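coords18.tsv (TSV, C-alpha atoms)
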```
chain	number	residue	atom	x	y	z
A	219	MET	CA	80.71	79.54	105.66
A	220	ALA	CA	82.58	82.07	103.55
A	221	PHE	CA	81.07	80.76	100.33
A	222	ALA	CA	77.44	81.12	101.44
A	223	ASN	CA	77.95	84.69	102.64
A	224	ASN	CA	80.26	86.05	99.96
A	225	PRO	CA	79.20	87.95	96.86
A	226	ARG	CA	78.12	85.77	93.96
A	227	LYS	CA	77.26	86.33	90.37
A	228	GLY	CA	73.70	86.81	89.22
A	229	ARG	CA	73.49	87.23	85.47
A	230	THR	CA	76.87	87.05	83.74
A	231	PHE	CA	78.20	89.41	81.11
A	232	ASN	CA	77.60	86.89	78.33
A	233	GLY	CA	74.42	85.29	79.70
A	234	GLU	CA	76.20	81.98	80.22
A	235	SER	CA	78.02	80.28	83.07
A	236	GLY	CA	81.02	81.88	84.77
A	237	ASP	CA	84.34	82.71	83.12
A	238	PHE	CA	86.54	80.18	84.90
A	239	ARG	CA	90.28	80.68	84.42
A	240	TYR	CA	93.10	78.33	85.39
A	241	GLY	CA	96.88	78.55	85.59
A	242	TRP	CA	97.40	80.92	88.54
A	243	TYR	CA	98.89	79.72	91.79
A	244	GLU	CA	98.22	81.14	95.23
A	245	SER	CA	100.64	83.69	96.64
A	246	ASN	CA	102.60	82.66	99.72
A	247	SER	CA	100.84	82.52	103.10
A	248	GLN	CA	97.29	83.14	101.88
A	249	SER	CA	94.24	82.16	103.94
A	250	PHE	CA	91.33	83.02	101.65
A	251	LYS	CA	88.41	80.63	101.31
A	252	LYS	CA	86.51	79.36	98.29
A	253	GLY	CA	84.02	82.04	97.28
A	254	GLN	CA	86.15	84.96	98.46
A	255	TRP	CA	87.25	87.73	96.09
A	256	VAL	CA	90.86	87.59	94.95
A	257	VAL	CA	93.34	89.64	92.97
A	258	LEU	CA	96.46	88.69	91.01
A	259	ALA	CA	99.27	90.35	92.95
A	260	GLY	CA	103.03	90.71	92.66
A	261	ASP	CA	105.19	89.82	89.69
A	262	ALA	CA	105.97	86.66	87.70
A	263	THR	CA	108.43	85.42	90.34
A	264	THR	CA	106.69	86.22	93.60
A	265	GLY	CA	103.14	86.94	92.49
A	266	GLY	CA	100.03	84.88	92.53
A	267	VAL	CA	96.43	84.81	93.62
A	268	SER	CA	95.97	86.91	96.76
A	269	VAL	CA	92.99	87.86	98.86
A	270	CYS	CA	91.15	91.13	98.23
A	271	ALA	CA	91.34	93.18	101.40
A	272	SER	CA	89.16	96.05	102.56
A	273	ASN	CA	89.62	99.10	100.33
A	274	ALA	CA	90.82	96.99	97.38
A	275	VAL	CA	90.70	98.90	94.11
A	276	LEU	CA	91.26	95.88	91.83
A	277	VAL	CA	89.34	92.61	91.70
A	278	MET	CA	90.22	89.61	89.55
A	279	GLY	CA	87.39	87.31	90.54
A	280	ILE	CA	86.04	84.69	92.90
A	281	ALA	CA	88.36	81.97	94.22
A	282	GLN	CA	87.14	78.46	93.43
A	283	ALA	CA	89.38	76.74	96.00
A	284	ASP	CA	90.65	77.43	99.52
A	285	ALA	CA	94.21	78.72	99.86
A	286	THR	CA	96.62	76.35	101.62
A	287	ASN	CA	98.46	79.04	103.65
A	288	VAL	CA	101.90	77.69	102.74
A	289	SER	CA	105.10	79.36	101.53
A	290	SER	CA	106.06	76.62	99.07
A	291	GLY	CA	104.15	74.00	97.12
A	292	ASN	CA	101.39	76.52	96.45
A	293	ILE	CA	98.37	75.12	94.61
A	294	GLU	CA	96.64	76.29	91.47
A	295	ILE	CA	93.57	78.41	92.28
A	296	PRO	CA	90.83	78.41	89.63
A	297	VAL	CA	89.19	81.84	89.48
A	298	ASP	CA	85.74	82.83	88.21
A	299	VAL	CA	86.62	86.20	86.65
A	300	ILE	CA	84.28	89.09	87.48
A	301	HIS	CA	83.52	91.28	84.47
A	302	THR	CA	82.08	94.78	84.56
A	303	ASP	CA	78.77	93.63	83.09
A	304	ASP	CA	78.30	90.77	85.57
A	305	GLU	CA	75.55	91.21	88.12
A	306	ILE	CA	77.01	90.81	91.61
A	307	ILE	CA	74.78	89.88	94.54
A	308	MET	CA	76.51	90.98	97.73
A	309	LYS	CA	75.94	91.79	101.39
A	310	CYS	CA	75.83	95.41	102.51
A	311	THR	CA	77.55	97.01	105.50
A	312	ALA	CA	78.47	100.37	106.96
A	313	SER	CA	82.04	99.83	108.20
A	314	GLY	CA	81.20	96.44	109.69
A	315	THR	CA	77.61	97.03	110.78
A	316	ALA	CA	74.87	95.46	108.64
A	317	LYS	CA	73.17	98.03	106.40
A	318	LEU	CA	69.92	97.60	104.47
A	319	SER	CA	70.46	97.70	100.73
A	320	THR	CA	67.45	100.02	100.41
A	321	LEU	CA	69.63	102.76	101.94
A	322	PHE	CA	72.27	102.56	99.19
A	323	TYR	CA	72.03	104.95	96.23
A	324	PRO	CA	71.56	103.63	92.66
A	325	SER	CA	74.55	104.28	90.36
A	326	LYS	CA	76.73	105.38	93.30
A	327	LYS	CA	80.17	103.82	93.67
A	328	TYR	CA	81.21	102.11	96.90
A	329	GLY	CA	84.32	100.47	98.29
A	330	ILE	CA	84.51	96.99	99.78
A	331	TYR	CA	84.88	95.89	103.37
A	332	VAL	CA	86.31	92.47	104.27
A	333	SER	CA	85.81	90.71	107.59
A	334	GLY	CA	86.08	87.03	108.46
A	335	ASN	CA	86.66	85.98	104.83
A	336	ILE	CA	83.48	87.76	103.73
A	337	VAL	CA	83.37	90.65	101.26
A	338	TYR	CA	80.75	93.39	101.70
A	339	ALA	CA	79.80	96.56	99.83
A	340	ASP	CA	80.68	99.37	102.26
A	341	TYR	CA	78.16	102.21	102.56
A	342	ASP	CA	80.72	104.34	104.42
A	343	ASN	CA	83.41	104.00	101.75
A	344	THR	CA	82.57	106.26	98.81
A	345	ALA	CA	85.67	108.40	98.34
A	346	SER	CA	89.06	106.88	97.58
A	347	TYR	CA	88.45	103.17	97.16
A	348	ASP	CA	85.65	102.81	94.63
A	349	CYS	CA	85.18	99.21	93.55
A	350	VAL	CA	81.49	98.44	92.95
A	351	MET	CA	78.46	100.41	91.77
A	352	PHE	CA	75.07	99.88	93.39
A	353	VAL	CA	72.32	98.79	90.99
A	354	GLU	CA	69.30	97.96	93.13
A	355	PRO	CA	68.20	96.52	96.48
A	356	ILE	CA	67.09	92.93	96.95
A	357	TYR	CA	63.77	92.41	98.75
A	358	ASP	CA	62.50	89.37	100.64
A	359	VAL	CA	59.25	87.55	99.81
A	360	THR	CA	57.22	89.99	101.89
A	361	GLY	CA	58.64	93.01	100.05
A	362	ALA	CA	60.87	94.11	102.93
A	363	GLY	CA	64.41	95.30	102.25
A	364	THR	CA	67.32	92.95	102.98
A	365	TYR	CA	71.03	93.29	103.66
A	366	TRP	CA	71.78	92.05	100.13
A	367	GLY	CA	71.95	94.21	97.01
A	368	LYS	CA	72.79	94.02	93.31
A	369	PHE	CA	76.06	95.63	92.24
A	370	LYS	CA	78.41	95.78	89.26
A	371	LEU	CA	82.18	95.98	89.28
A	372	ILE	CA	83.27	99.42	88.09
A	373	PRO	CA	85.56	99.34	85.00
A	374	ALA	CA	88.58	100.78	86.83
A	375	ALA	CA	88.44	97.90	89.36
A	376	ALA	CA	88.33	95.07	86.80
A	377	GLN	CA	91.78	93.46	86.90
A	378	ILE	CA	90.92	91.25	83.92
A	379	GLY	CA	89.74	93.22	80.95
A	380	ILE	CA	89.81	96.92	81.76
A	381	GLY	CA	91.27	97.99	85.11
A	382	ILE	CA	95.02	97.61	84.51
```
Full structure transcribed into structure tokens:
Amino acid sequence: MAFANNPRKGRTFNGESGDFRYGWYESNSQSFKKGQWVVLAGDATTGGVSVCASNAVLVMGIAQADATNVSSGNIEIPVDVIHTDDEIIMKCTASGTAKLSTLFYPSKKYGIYVSGNIVYADYDNTASYDCVMFVEPIYDVTGAGTYWGKFKLIPAAAQIGIGI
């Protein structure tokens, strides 16, 4: 269920559908799932689409296919590129423990935490591994806070466009 629990785009930078890019192949021995955040890693010979791990400081986008976990015959992985102006809806944690988004601080930068193929905004990671900026909490129909919040990718973390 990685796709249902992973961050997704709200409003996109251009107000249209996602920015789907093709032509990149998975790196060797990857086990990411569709919907998980990925990065373009390595060089032209050994590089490819790789999973974003906890404390990642670059993000390319959201994988649109599962990795095959092979070391040859790697498949093309379409990626929905995340831009700095995209609204990102993501789960919140404090080092692996669910954290209400109402406890996050607007405009503060946070790192990411990855567990079980799911990417979270990490309340406890605000120093060396900035990746996303908190925008606002998401409330349920009764007005109570949830474990989901709205974020934006910080410019330095955008692998496509600004970050590198």
Using only C-alpha atoms: which of A:Ser245, A:Ser319, A:Ser235, A:Asn335 has the shortest distance to A:Ala271: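 Nearest candidate to A:Ala271 out of A:Ser245, A:Ser319, A:Ser235, A:Asn335: A:Asn335.
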Separation of atom CA of A:Pro296 from atom CA of A:Val256, in Å and rounded to one decimal: 10.6 Å
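Residues in contact with stretch 360-367 of chain A at up to 7 Å, not including ones fewer than 2 positions away on its chain and judged by all atoms listed in the file, are Ile307, Met308, Lys309, Cys310, Ala316, Lys317, Leu318, Ser319, Thr320, Glu354, Pro355, Ile356, Tyr357, Asp358 and Phe369 of chain A.
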Can I get the selection written as a short mmCIF file (atom, residue, chain, number, x, y, z; two decimals), keeping the file's coordinate frame, with C-alpha atoms?
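What follows is the written file part.cif:
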```cif
data_model
loop_
_atom_site.label_atom_id
_atom_site.label_comp_id
_atom_site.auth_asym_id
_atom_site.auth_seq_id
_atom_site.Cartn_x
_atom_site.Cartn_y
_atom_site.Cartn_z
CA ILE A 307 74.78 89.88 94.54
CA MET A 308 76.51 90.98 97.73
CA LYS A 309 75.94 91.79 101.39
CA CYS A 310 75.83 95.41 102.51
CA ALA A 316 74.87 95.46 108.64
CA LYS A 317 73.17 98.03 106.40
CA LEU A 318 69.92 97.60 104.47
CA SER A 319 70.46 97.70 100.73
CA THR A 320 67.45 100.02 100.41
CA GLU A 354 69.30 97.96 93.13
CA PRO A 355 68.20 96.52 96.48
CA ILE A 356 67.09 92.93 96.95
CA TYR A 357 63.77 92.41 98.75
CA ASP A 358 62.50 89.37 100.64
CA PHE A 369 76.06 95.63 92.24
#
```
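Picture a line from atom CA of A:Ala345 to atom CA of A:Gln254; it runs 23.4 Å.
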Non-local contacts of A:Gly291 (10 Å; all atoms listed in the file; under 5 positions in same chain excluded) as an NGL selection string: :A and (243-244 or 246 or 286)
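With atom CA of A:Ser268 on one side and atom CA of A:Asp348 on the other, the separation reads 19.1 Å.
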Around all the atoms of stretch 243-259 of chain A listed in the file, draw an axis-aligned box and extend it by 6 Å on each of the six sides; I want its centre and edge lengths in Å to one decimal, as lines of an AutoDock Vina configuration file.
```
center_x = 93.3
center_y = 84.9
center_z = 97.5
size_x = 30.6
size_y = 23.0
size_z = 24.9
```
At a cut-off of 10 Å, can you tabulate as CSV every residue of stretch 299-325 of chain A near stretch 277-282 of chain A together with its closest atom pair and the distance in Å to one decimal, using only C-alpha atoms and ordering rows by chain then number?
```
residue,atom,partner,partner_atom,distance
A:Val299,CA,A:Gly279,CA,4.1
A:Ile300,CA,A:Gly279,CA,4.7
A:His301,CA,A:Gly279,CA,8.2
```
Pick from A:Ala285, A:Val350, A:Val275, A:Val267 nearest to A:Lys252, counting all atoms listed in the file: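 Of A:Ala285, A:Val350, A:Val275, A:Val267, the one nearest A:Lys252 is A:Ala285, counting all atoms listed in the file.
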Which residue of A:Ala375, A:Gly266, A:Ala283, A:Asp304 approaches A:Ile330 most closely, using only C-alpha atoms: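 Smallest distance to A:Ile330 is found for A:Ala375.
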Shortest interatomic distance to A:Ala312 - which of A:Pro324, A:Gly236, A:Pro373, A:Gly329, counting only C-alpha atoms: A:Gly329
Polymer residues at most 8 Å from A:Ile336, only C-alpha atoms, same-chain spacing of 3 or more positions, as a ChimeraX atom specification: /A:220,223-224,254,332-333
Residue with smallest distance to A:Lys227 - pool A:Tyr323, A:Tyr347, A:Trp255, A:Tyr331, counting only C-alpha atoms: A:Trp255
From A:Asp340, A:Phe250, A:Ile295, A:Glu305, residue lying nearest A:Val353 [only C-alpha atoms]: A:Glu305
